[in-house]
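Structure below is query16.tsv: TSV, C-alpha atoms.
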chain	number	residue	atom	x	y	z
G	12	MET	CA	30.72	2.75	0.32
G	13	LEU	CA	27.58	1.60	-1.45
G	14	ALA	CA	27.82	-1.13	-4.05
G	15	GLY	CA	25.59	0.47	-6.68
G	16	ALA	CA	25.22	4.08	-5.59
G	17	ALA	CA	27.29	6.48	-3.53
G	18	LEU	CA	25.69	9.01	-1.16
G	19	VAL	CA	27.54	12.30	-1.45
G	20	GLY	CA	28.30	13.52	2.06
G	21	ALA	CA	25.61	11.37	3.62
G	22	ALA	CA	26.01	9.73	7.00
G	23	PRO	CA	23.85	6.91	8.36
G	24	ALA	CA	20.72	7.69	10.34
G	25	SER	CA	19.66	11.24	11.14
G	26	GLY	CA	23.16	12.54	10.61
G	27	ALA	CA	22.57	12.97	6.87
G	28	PRO	CA	23.59	16.44	5.60
G	29	ARG	CA	21.39	19.51	5.98
G	30	ALA	CA	19.12	17.79	8.52
G	31	VAL	CA	16.22	19.96	9.68
G	32	VAL	CA	14.12	19.16	12.73
G	33	VAL	CA	10.49	18.93	11.60
G	34	ALA	CA	9.31	18.07	15.11
G	35	PRO	CA	10.92	16.41	18.14
G	36	GLY	CA	12.04	12.99	16.92
G	37	VAL	CA	11.46	13.78	13.23
G	38	GLU	CA	14.21	15.06	10.94
G	39	TYR	CA	14.26	15.90	7.23
G	40	SER	CA	17.36	15.90	5.05
G	41	GLN	CA	18.30	15.86	1.38
G	42	PHE	CA	21.42	14.84	-0.51
G	43	ASP	CA	22.76	13.71	-3.87
G	44	ILE	CA	23.37	10.11	-4.89
G	45	GLN	CA	25.85	9.27	-7.63
G	46	ALA	CA	24.04	6.44	-9.37
G	47	ALA	CA	25.04	4.34	-12.35
G	48	ARG	CA	22.83	6.29	-14.77
G	49	GLY	CA	23.51	9.75	-13.40
G	50	PRO	CA	22.85	11.82	-10.30
G	51	ALA	CA	19.76	11.30	-8.16
G	52	HIS	CA	18.58	13.54	-5.36
G	53	ALA	CA	17.09	12.02	-2.22
G	54	HIS	CA	14.68	13.50	0.32
G	55	VAL	CA	14.65	11.56	3.60
G	56	LEU	CA	12.64	11.60	6.80
G	57	SER	CA	14.17	10.01	9.89
G	58	VAL	CA	11.48	9.09	12.42
G	59	ASP	CA	12.41	8.13	15.99
G	60	LEU	CA	9.70	5.69	17.04
G	61	SER	CA	11.26	5.36	20.50
G	62	ASN	CA	10.16	8.94	21.18
G	63	PRO	CA	6.76	8.72	22.93
G	64	GLN	CA	5.71	11.94	21.18
G	65	VAL	CA	6.16	10.41	17.70
G	66	GLY	CA	4.05	7.97	15.74
G	67	VAL	CA	3.28	6.88	12.21
G	68	GLY	CA	0.03	5.79	10.61
G	69	LEU	CA	-1.78	5.17	7.36
G	70	LEU	CA	-2.76	8.20	5.32
G	71	TYR	CA	-5.81	7.48	3.18
G	72	PRO	CA	-8.90	9.38	1.97
G	73	GLY	CA	-11.34	7.52	4.23
G	74	LYS	CA	-12.26	4.89	1.64
G	75	VAL	CA	-10.19	2.15	0.02
G	76	ALA	CA	-11.35	3.00	-3.53
G	77	SER	CA	-10.47	6.68	-3.41
G	78	ARG	CA	-7.42	8.90	-4.01
G	79	ALA	CA	-5.99	12.23	-2.93
G	80	THR	CA	-2.60	13.94	-2.99
G	81	VAL	CA	-0.14	13.25	-0.19
G	82	SER	CA	-0.20	16.87	0.94
G	83	ARG	CA	-4.00	16.80	1.18
G	84	LEU	CA	-3.98	13.47	3.03
G	85	ALA	CA	-1.33	14.70	5.46
G	86	GLY	CA	-3.12	17.99	6.02
G	87	ALA	CA	-6.47	16.33	6.68
G	88	ALA	CA	-4.92	13.91	9.18
G	89	GLY	CA	-2.77	16.50	10.94
G	90	ALA	CA	0.49	14.78	9.99
G	91	VAL	CA	3.77	16.71	10.24
G	92	ALA	CA	5.30	14.75	7.35
G	93	GLY	CA	4.67	11.82	5.06
G	94	VAL	CA	5.30	9.96	1.81
G	95	ASN	CA	3.15	8.16	-0.74
G	96	GLY	CA	2.41	4.48	-0.25
G	97	ASP	CA	1.32	1.37	-2.11
G	98	PHE	CA	1.04	0.68	-5.84
G	99	PHE	CA	-2.56	0.85	-7.05
G	100	ASN	CA	-5.20	0.18	-9.71
G	101	VAL	CA	-4.32	3.29	-11.67
G	102	THR	CA	-5.89	2.45	-15.04
G	103	GLU	CA	-8.25	0.01	-16.76
G	104	THR	CA	-7.33	0.35	-20.43
G	105	GLN	CA	-7.30	-3.44	-20.57
G	106	HIS	CA	-11.01	-3.61	-19.68
G	107	PRO	CA	-12.88	-0.90	-21.62
G	108	GLY	CA	-15.94	0.35	-19.78
G	109	VAL	CA	-14.73	-0.87	-16.40
G	110	ALA	CA	-13.90	1.89	-13.93
G	111	ALA	CA	-10.41	2.05	-12.45
G	112	THR	CA	-10.95	1.84	-8.71
G	113	GLY	CA	-7.83	3.67	-7.52
G	114	ALA	CA	-7.57	1.01	-4.80
G	115	PRO	CA	-4.16	-0.20	-3.57
G	116	VAL	CA	-2.63	-3.59	-4.31
G	117	GLY	CA	-1.66	-4.88	-0.89
G	118	PRO	CA	-3.17	-5.17	2.57
G	119	ALA	CA	-4.00	-2.00	4.47
G	120	ILE	CA	-4.51	-1.44	8.20
G	121	ALA	CA	-5.34	1.93	9.74
G	122	ASP	CA	-5.50	2.50	13.51
G	123	GLY	CA	-5.64	-1.25	14.02
G	124	HIS	CA	-8.63	-1.62	11.68
G	125	ALA	CA	-8.33	-3.99	8.70
G	126	LEU	CA	-9.30	-2.04	5.57
G	127	LYS	CA	-8.42	-4.51	2.83
G	128	ALA	CA	-6.51	-7.62	1.84
G	129	ALA	CA	-4.11	-8.26	-1.05
G	130	VAL	CA	-5.06	-8.87	-4.67
G	131	PRO	CA	-3.68	-11.97	-6.47
G	132	LYS	CA	-0.06	-11.59	-7.54
G	133	GLY	CA	-0.89	-11.58	-11.24
G	134	GLN	CA	-3.36	-8.72	-10.74
G	135	ARG	CA	-0.91	-6.22	-9.25
G	136	PHE	CA	0.23	-2.93	-10.77
G	137	GLY	CA	3.88	-1.90	-10.53
G	138	PRO	CA	7.29	-3.26	-11.55
G	139	ALA	CA	8.09	-6.95	-11.48
G	140	LEU	CA	8.43	-8.32	-7.96
G	141	PRO	CA	11.74	-9.70	-6.69
G	142	PRO	CA	11.79	-13.51	-6.50
G	143	GLY	CA	10.11	-14.89	-3.42
G	144	THR	CA	8.00	-11.83	-2.71
G	145	GLY	CA	4.27	-11.27	-3.21
G	146	THR	CA	1.32	-8.98	-2.76
G	147	THR	CA	0.81	-9.93	0.88
G	148	ASP	CA	4.15	-8.35	1.88
G	149	VAL	CA	3.75	-5.28	4.10
G	150	LEU	CA	5.60	-2.60	5.98
G	151	GLY	CA	3.92	-1.94	9.29
G	152	VAL	CA	4.18	-0.69	12.82
G	153	THR	CA	2.98	-3.04	15.52
G	154	THR	CA	0.72	-2.00	18.36
G	155	ASP	CA	3.81	-1.64	20.59
G	156	GLY	CA	5.32	0.91	18.17
G	157	THR	CA	7.89	-1.29	16.40
G	158	ALA	CA	8.39	-0.97	12.64
G	159	ARG	CA	8.94	-4.19	10.72
G	160	LEU	CA	8.43	-6.05	7.46
G	161	ASP	CA	5.90	-8.86	7.47
G	162	SER	CA	3.33	-10.68	5.37
G	163	ILE	CA	-0.40	-10.33	6.00
G	164	ALA	CA	-3.05	-12.71	4.67
G	165	LEU	CA	-6.83	-12.83	4.88
G	166	ASP	CA	-8.49	-15.37	7.16
G	167	GLY	CA	-12.21	-15.35	6.49
G	168	SER	CA	-15.36	-17.37	5.91
G	169	VAL	CA	-19.00	-17.08	4.88
G	170	THR	CA	-21.26	-19.26	7.01
G	171	THR	CA	-24.67	-20.24	5.60
G	172	ALA	CA	-27.26	-22.86	6.47
G	173	ALA	CA	-25.62	-25.14	3.89
G	174	GLY	CA	-22.15	-24.79	5.42
G	175	ASP	CA	-19.05	-22.60	5.27
G	176	LEU	CA	-17.50	-20.98	2.21
G	177	PRO	CA	-13.95	-19.64	2.23
G	178	LEU	CA	-13.74	-15.85	1.95
G	179	ARG	CA	-10.93	-14.95	-0.46
G	180	GLY	CA	-11.21	-11.19	-0.67
G	181	LEU	CA	-11.79	-8.08	1.43
G	182	ASN	CA	-12.30	-4.73	-0.32
G	183	GLN	CA	-10.04	-5.80	-3.20
G	184	TYR	CA	-10.12	-4.52	-6.76
G	185	ALA	CA	-9.40	-8.08	-7.94
G	186	LEU	CA	-10.68	-11.41	-6.59
G	187	PRO	CA	-9.11	-14.82	-7.16
G	188	VAL	CA	-10.77	-16.90	-9.87
G	189	GLY	CA	-13.63	-19.01	-8.49
G	190	SER	CA	-13.84	-17.14	-5.20
G	191	VAL	CA	-16.13	-15.06	-3.00
G	192	GLY	CA	-15.02	-11.67	-1.70
G	193	ALA	CA	-16.52	-9.21	0.78
G	194	PHE	CA	-16.98	-5.46	0.34
G	195	THR	CA	-17.83	-3.24	3.30
G	196	SER	CA	-18.46	0.45	3.89
G	197	ASP	CA	-14.66	0.89	3.87
G	198	TRP	CA	-14.66	0.26	0.10
G	199	GLY	CA	-16.52	3.40	-0.97
G	200	SER	CA	-18.97	3.92	-3.82
G	201	VAL	CA	-16.84	2.89	-6.83
G	202	SER	CA	-18.15	0.02	-8.97
G	203	ARG	CA	-17.19	-3.46	-7.81
G	204	MET	CA	-17.04	-4.76	-11.40
G	205	ARG	CA	-13.24	-4.63	-11.56
G	206	ALA	CA	-13.13	-7.37	-8.91
G	207	VAL	CA	-14.24	-10.01	-11.45
G	208	CYS	CA	-11.90	-8.95	-14.29
G	209	GLY	CA	-8.62	-10.63	-15.16
G	210	THR	CA	-7.28	-13.84	-13.66
G	211	ASP	CA	-4.81	-14.77	-10.95
G	212	THR	CA	-2.00	-14.83	-13.53
G	213	ASP	CA	-3.21	-12.40	-16.22
G	214	ARG	CA	-4.41	-8.94	-15.27
G	215	ALA	CA	-5.55	-8.28	-18.85
G	216	ALA	CA	-7.79	-11.37	-19.18
G	217	PRO	CA	-11.46	-10.62	-19.91
G	218	CYS	CA	-13.94	-9.97	-17.15
G	219	SER	CA	-15.83	-13.03	-15.96
G	220	THR	CA	-19.35	-13.52	-17.27
G	221	ASP	CA	-20.23	-15.90	-14.42
G	222	THR	CA	-20.80	-13.53	-11.48
G	223	HIS	CA	-23.24	-12.95	-8.65
G	224	GLU	CA	-23.65	-10.47	-5.80
G	225	VAL	CA	-25.45	-10.73	-2.45
G	226	LEU	CA	-26.22	-7.92	0.02
G	227	VAL	CA	-26.16	-8.96	3.69
G	228	GLU	CA	-27.59	-6.78	6.46
G	229	ASP	CA	-28.06	-7.76	10.10
G	230	GLY	CA	-27.02	-11.34	9.32
G	231	ARG	CA	-29.57	-11.89	6.54
G	232	VAL	CA	-29.64	-11.68	2.76
G	233	VAL	CA	-31.65	-8.62	1.71
G	234	GLY	CA	-30.81	-8.45	-1.99
G	235	THR	CA	-29.11	-10.21	-4.90
G	236	ALA	CA	-27.85	-9.24	-8.37
G	237	GLY	CA	-26.33	-11.01	-11.34
G	238	THR	CA	-23.47	-8.57	-11.75
G	239	PRO	CA	-21.38	-6.53	-9.32
G	240	GLY	CA	-22.89	-3.13	-8.59
G	241	SER	CA	-21.75	0.23	-7.28
G	242	GLY	CA	-22.71	2.80	-4.67
G	243	ALA	CA	-21.96	3.29	-1.00
G	244	ILE	CA	-22.39	0.32	1.33
G	245	ALA	CA	-24.14	1.05	4.62
G	246	ALA	CA	-22.17	0.73	7.84
G	247	GLY	CA	-22.51	-2.81	9.15
G	248	ALA	CA	-23.66	-4.21	5.79
G	249	THR	CA	-21.59	-6.50	3.56
G	250	VAL	CA	-21.76	-7.09	-0.18
G	251	LEU	CA	-20.54	-10.54	-1.22
G	252	VAL	CA	-19.24	-10.79	-4.78
G	253	GLY	CA	-18.63	-14.16	-6.39
G	254	ARG	CA	-17.06	-15.20	-9.66
G	255	GLU	CA	-17.25	-18.63	-11.36
G	256	ALA	CA	-17.49	-21.28	-8.59
G	257	GLY	CA	-17.98	-18.53	-6.02
G	258	ALA	CA	-20.89	-17.10	-8.00
G	259	GLN	CA	-22.47	-20.52	-8.20
G	260	GLN	CA	-22.37	-20.83	-4.43
G	261	LEU	CA	-23.87	-17.36	-3.90
G	262	ARG	CA	-26.76	-18.13	-6.25
G	263	LYS	CA	-27.97	-20.65	-3.68
G	264	LEU	CA	-28.76	-17.80	-1.29
G	265	ALA	CA	-32.14	-16.06	-1.26
G	266	PRO	CA	-33.53	-13.04	0.60
G	267	GLY	CA	-34.13	-13.95	4.23
G	268	ASP	CA	-31.38	-16.56	4.42
G	269	THR	CA	-29.01	-16.22	7.37
G	270	VAL	CA	-25.39	-15.45	6.57
G	271	GLU	CA	-22.43	-14.77	8.84
G	272	VAL	CA	-19.35	-13.14	7.32
G	273	ARG	CA	-16.07	-13.34	9.20
G	274	HIS	CA	-12.80	-11.71	8.13
G	275	LEU	CA	-9.49	-11.08	9.83
G	276	LEU	CA	-6.06	-10.02	8.57
G	277	VAL	CA	-3.39	-12.26	10.06
G	278	SER	CA	0.37	-11.59	9.97
G	279	SER	CA	2.89	-14.36	9.37
G	280	THR	CA	4.65	-13.45	12.63
G	281	GLY	CA	1.46	-13.23	14.64
G	282	SER	CA	2.19	-9.59	15.46
G	283	PRO	CA	-0.81	-7.24	15.77
G	284	TYR	CA	-0.43	-4.12	13.62
G	285	ALA	CA	-1.63	-0.61	14.27
G	286	PHE	CA	-0.68	0.36	10.74
G	287	ALA	CA	0.38	-1.54	7.61
G	288	LEU	CA	0.45	-1.08	3.85
G	289	GLY	CA	1.66	-2.93	0.79
G	290	GLY	CA	4.69	-2.71	-1.49
G	291	TYR	CA	7.61	-5.15	-1.62
G	292	PRO	CA	10.81	-5.84	0.34
G	293	VAL	CA	14.22	-5.04	-1.14
G	294	LEU	CA	16.45	-5.49	1.93
G	295	ARG	CA	16.21	-8.08	4.71
G	296	GLY	CA	18.62	-8.50	7.61
G	297	GLY	CA	21.02	-6.01	6.04
G	298	ARG	CA	21.22	-7.93	2.75
G	299	PRO	CA	19.63	-6.96	-0.57
G	300	LEU	CA	17.14	-9.57	-1.77
G	301	PRO	CA	18.49	-11.86	-4.52
G	302	GLY	CA	17.41	-10.98	-8.03
G	303	LEU	CA	16.77	-7.25	-7.55
G	304	ASP	CA	16.51	-5.35	-10.82
G	305	ALA	CA	19.81	-3.56	-11.49
G	306	THR	CA	18.88	-2.29	-14.96
G	307	THR	CA	15.75	-0.11	-14.88
G	308	SER	CA	16.23	3.30	-13.25
G	309	ALA	CA	13.28	5.38	-12.08
G	310	VAL	CA	12.14	7.86	-9.46
G	311	ARG	CA	11.42	5.81	-6.32
G	312	THR	CA	9.88	5.93	-2.85
G	313	ALA	CA	11.08	3.56	-0.14
G	314	ALA	CA	10.94	2.95	3.60
G	315	GLY	CA	13.67	1.54	5.82
G	316	VAL	CA	13.66	-0.03	9.28
G	317	ALA	CA	16.61	0.63	11.59
G	318	ASP	CA	17.60	0.39	15.27
G	319	GLY	CA	15.62	-2.76	15.91
G	320	GLY	CA	12.44	-1.26	14.53
G	321	ARG	CA	12.63	1.88	16.64
G	322	ARG	CA	13.54	4.12	13.72
G	323	LEU	CA	11.80	4.46	10.37
G	324	LEU	CA	13.48	6.04	7.34
G	325	LEU	CA	11.24	7.37	4.55
G	326	LEU	CA	12.87	8.22	1.22
G	327	ALA	CA	11.48	9.84	-1.92
G	328	LEU	CA	13.63	10.72	-4.90
G	329	ASP	CA	13.37	14.01	-6.69
G	330	GLY	CA	11.59	14.01	-10.05
G	331	ALA	CA	13.15	17.22	-11.38
G	332	ALA	CA	14.58	16.87	-14.90
G	333	ALA	CA	18.19	16.91	-13.67
G	334	TYR	CA	17.60	13.87	-11.47
G	335	ARG	CA	14.81	12.01	-13.25
G	336	THR	CA	16.87	8.96	-14.20
G	337	GLY	CA	16.55	7.98	-10.54
G	338	LEU	CA	17.75	4.65	-9.14
G	339	THR	CA	17.40	0.98	-9.94
G	340	ILE	CA	15.76	-1.17	-7.29
G	341	ALA	CA	19.17	-2.65	-6.49
G	342	GLU	CA	20.47	0.88	-5.92
G	343	VAL	CA	17.47	1.65	-3.70
G	344	ALA	CA	18.40	-1.32	-1.51
G	345	ASP	CA	22.03	-0.16	-1.33
G	346	THR	CA	20.96	3.41	-0.54
G	347	MET	CA	18.65	2.36	2.28
G	348	ARG	CA	21.37	0.13	3.73
G	349	GLY	CA	23.81	3.04	3.53
G	350	LEU	CA	21.39	5.12	5.58
G	351	GLY	CA	21.40	2.51	8.33
G	352	SER	CA	18.38	0.38	7.38
G	353	VAL	CA	18.47	-3.32	8.17
G	354	ASP	CA	15.22	-3.96	6.30
G	355	ALA	CA	13.79	-1.86	3.46
G	356	PHE	CA	10.61	-1.77	1.45
G	357	SER	CA	9.86	-0.31	-1.99
G	358	LEU	CA	6.73	1.80	-2.37
G	359	ASP	CA	5.10	3.26	-5.48
G	360	GLY	CA	7.40	5.44	-7.57
G	361	GLY	CA	7.42	7.50	-10.74
G	362	GLY	CA	4.82	10.25	-10.71
G	363	SER	CA	3.55	9.00	-7.34
G	364	SER	CA	6.81	9.68	-5.47
G	365	THR	CA	6.10	12.51	-3.05
G	366	LEU	CA	7.55	13.59	0.29
G	367	VAL	CA	5.90	16.30	2.37
G	368	ALA	CA	6.98	17.90	5.64
G	369	ARG	CA	6.26	20.97	7.74
G	370	ALA	CA	8.86	23.70	7.78
G	371	PRO	CA	9.95	24.84	11.28
G	372	GLY	CA	7.14	26.93	12.72
G	373	ALA	CA	4.72	26.11	9.89
G	374	SER	CA	1.23	24.75	10.50
G	375	ALA	CA	0.91	22.85	7.21
G	376	VAL	CA	3.08	20.49	5.17
G	377	THR	CA	4.69	21.43	1.89
G	378	VAL	CA	5.96	19.19	-0.91
G	379	ARG	CA	9.74	18.84	-0.58
G	380	ASN	CA	10.64	16.90	-3.72
G	381	HIS	CA	9.65	17.70	-7.31
G	382	PRO	CA	7.04	15.13	-8.43
G	383	SER	CA	8.03	13.88	-11.88
G	384	ASP	CA	4.57	14.61	-13.33
G	385	GLY	CA	5.10	18.31	-12.57
G	386	ALA	CA	2.40	18.21	-9.88
G	387	GLU	CA	1.31	15.87	-7.10
G	388	ARG	CA	-0.46	12.71	-8.19
G	389	ALA	CA	-3.55	11.56	-6.33
G	390	VAL	CA	-2.74	8.27	-4.56
G	391	PRO	CA	-4.77	5.81	-2.43
G	392	ASN	CA	-2.58	5.86	0.65
G	393	GLY	CA	0.68	6.86	2.26
G	394	ILE	CA	2.68	6.84	5.46
G	395	GLY	CA	1.97	9.76	7.79
G	396	VAL	CA	4.28	10.95	10.57
G	397	PHE	CA	2.55	12.38	13.64
G	398	THR	CA	3.69	14.14	16.79
G	399	LYS	CA	2.00	15.11	20.03
G	400	ALA	CA	4.40	17.97	20.62

Please render this file's structure as structure tokens.
Amino acid sequence: MLAGAALVGAAPASGAPRAVVVAPGVEYSQFDIQAARGPAHAHVLSVDLSNPQVGVGLLYPGKVASRATVSRLAGAAGAVAGVNGDFFNVTETQHPGVAATGAPVGPAIADGHALKAAVPKGQRFGPALPPGTGTTDVLGVTTDGTARLDSIALDGSVTTAAGDLPLRGLNQYALPVGSVGAFTSDWGSVSRMRAVCGTDTDRAAPCSTDTHEVLVEDGRVVGTAGTPGSGAIAAGATVLVGREAGAQQLRKLAPGDTVEVRHLLVSSTGSPYAFALGGYPVLRGGRPLPGLDATTSAVRTAAGVADGGRRLLLLALDGAAAYRTGLTIAEVADTMRGLGSVDAFSLDGGGSSTLVARAPGASAVTVRNHPSDGAERAVPNGIGVFTKA
């Protein structure tokens, strides 16, 4: 029996009611949850990572600062199923005239390639984080095919003739105060101005007026600007953006100067990841995290790790009017534990919550839940389920 929510007729793992085989090793099921604020309806994918024909990976539109619907992302990647992913820079009403980037909050790794690092904690979008968690928390699958929760931080530097500068950002919509961040071709063409707005503790703080930008190609400075720009970045090139003390350091560079930019995403466990994305943990070692919100109910998306990391559970709640009260985060943790998860991770919810899967014999995915906006929301990334069968 779940502490905060009861699954009607549900059994742990892939034995949940009305399970349908999407592909070998991938099952889809749906069931009701009797929650404190009313009924919720869950859509769940059970993914057997021990099956050599099954894998998961990052769904994204090809650029960090870009968005598309989950069904479009899954279709373009050839996924048989998937859910939406990380919280993201959805709006910029706090900074009039600054473009919302659509970029996600946390780290992102696709096919072993580091796409971006995490924004400062005070710059995130989404509900309040549980105590002890942060924007560097990730759900990922290691290169040996094991799902796990971890934390991933940026290790980087900018080497110039005058010495080394710490690199504090990689394709992030927000940079720490006083820092230098790098933008690569993975970012896209959206303006980089948002990166110098707000502070580490106040997302709504004004944009910095002390900024500088440097374009590096083939190890040399080829251009500078006083404010962050926009437009596509050529493959192999890097744009360095500095604010406050970081801007002051970048102003010392001139065209022709040699610059080496190094960046690496490093996990706290030392594990190499084939795929990772941000969100926040709600369950660790079979126990809900202390301080989980047990008051605010909403439509949610979550991922759970079971069977020693060899099974991944992906849950999206239904946003239809009859179920829209959803679950609290505490109820999400209880629900994922009831399904057999030992660790669980909350992803973006509300109008973003979407689960797609192929019907038996179909060649394309369809949306299985009812998104609460009435239609799919464009999102920056998601978790895709793939099969070789």

With a cut-off of 12 Å, could you pull out the residues of range 42-116 of chain G touching range 164-183 of chain G and give me the nearest pair of atoms for each, distance in Å to one decimal, using only C-alpha atoms, ordered by chain and ascending number, as CSV?
residue,atom,partner,partner_atom,distance
G:Lys74,CA,G:Asn182,CA,9.8
G:Val75,CA,G:Asn182,CA,7.2
G:Ala76,CA,G:Asn182,CA,8.4
G:Ser77,CA,G:Asn182,CA,12.0
G:Phe99,CA,G:Gln183,CA,10.7
G:Asn100,CA,G:Gln183,CA,10.1
G:Thr112,CA,G:Gln183,CA,9.5
G:Gly113,CA,G:Gln183,CA,10.6
G:Ala114,CA,G:Gln183,CA,7.4
G:Pro115,CA,G:Gln183,CA,8.1
G:Val116,CA,G:Gln183,CA,7.8

Generate a file of the selected residues that holds C-alpha atoms, formatted as an mmCIF file, in the coordinates of the input.
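Below is the file that was written, result33.cif:
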data_model
loop_
_atom_site.group_PDB
_atom_site.id
_atom_site.type_symbol
_atom_site.label_atom_id
_atom_site.label_comp_id
_atom_site.auth_asym_id
_atom_site.auth_seq_id
_atom_site.Cartn_x
_atom_site.Cartn_y
_atom_site.Cartn_z
ATOM 1 C CA LYS G 74 -12.260 4.890 1.640
ATOM 2 C CA VAL G 75 -10.190 2.150 0.020
ATOM 3 C CA ALA G 76 -11.350 3.000 -3.530
ATOM 4 C CA SER G 77 -10.470 6.680 -3.410
ATOM 5 C CA PHE G 99 -2.560 0.850 -7.050
ATOM 6 C CA ASN G 100 -5.200 0.180 -9.710
ATOM 7 C CA THR G 112 -10.950 1.840 -8.710
ATOM 8 C CA GLY G 113 -7.830 3.670 -7.520
ATOM 9 C CA ALA G 114 -7.570 1.010 -4.800
ATOM 10 C CA PRO G 115 -4.160 -0.200 -3.570
ATOM 11 C CA VAL G 116 -2.630 -3.590 -4.310
#

| field | For CA of Thr235 in chain G and CA of Gly253 in chain G, the interatomic separation in Å (one decimal) | value |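 Taking CA of Thr235 in chain G and CA of Gly253 in chain G, their separation equals 11.3 Å.
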
| message | Just the number, please: distance in Å from CA of Gly385 in chain G to CA of Ala333 in chain G, one decimal. | response | 13.2 Å

| Proximity to Thr80 in chain G - best of G:Val367, G:Leu325, G:Val396, G:Leu275, all atoms listed in the file | G:Val367

| message | Between G:Ala265, G:Ala215, G:Val270, G:Val310, which residue has the minimum interatomic distance to Arg335 in chain G, considering all atoms listed in the file? | response | G:Val310
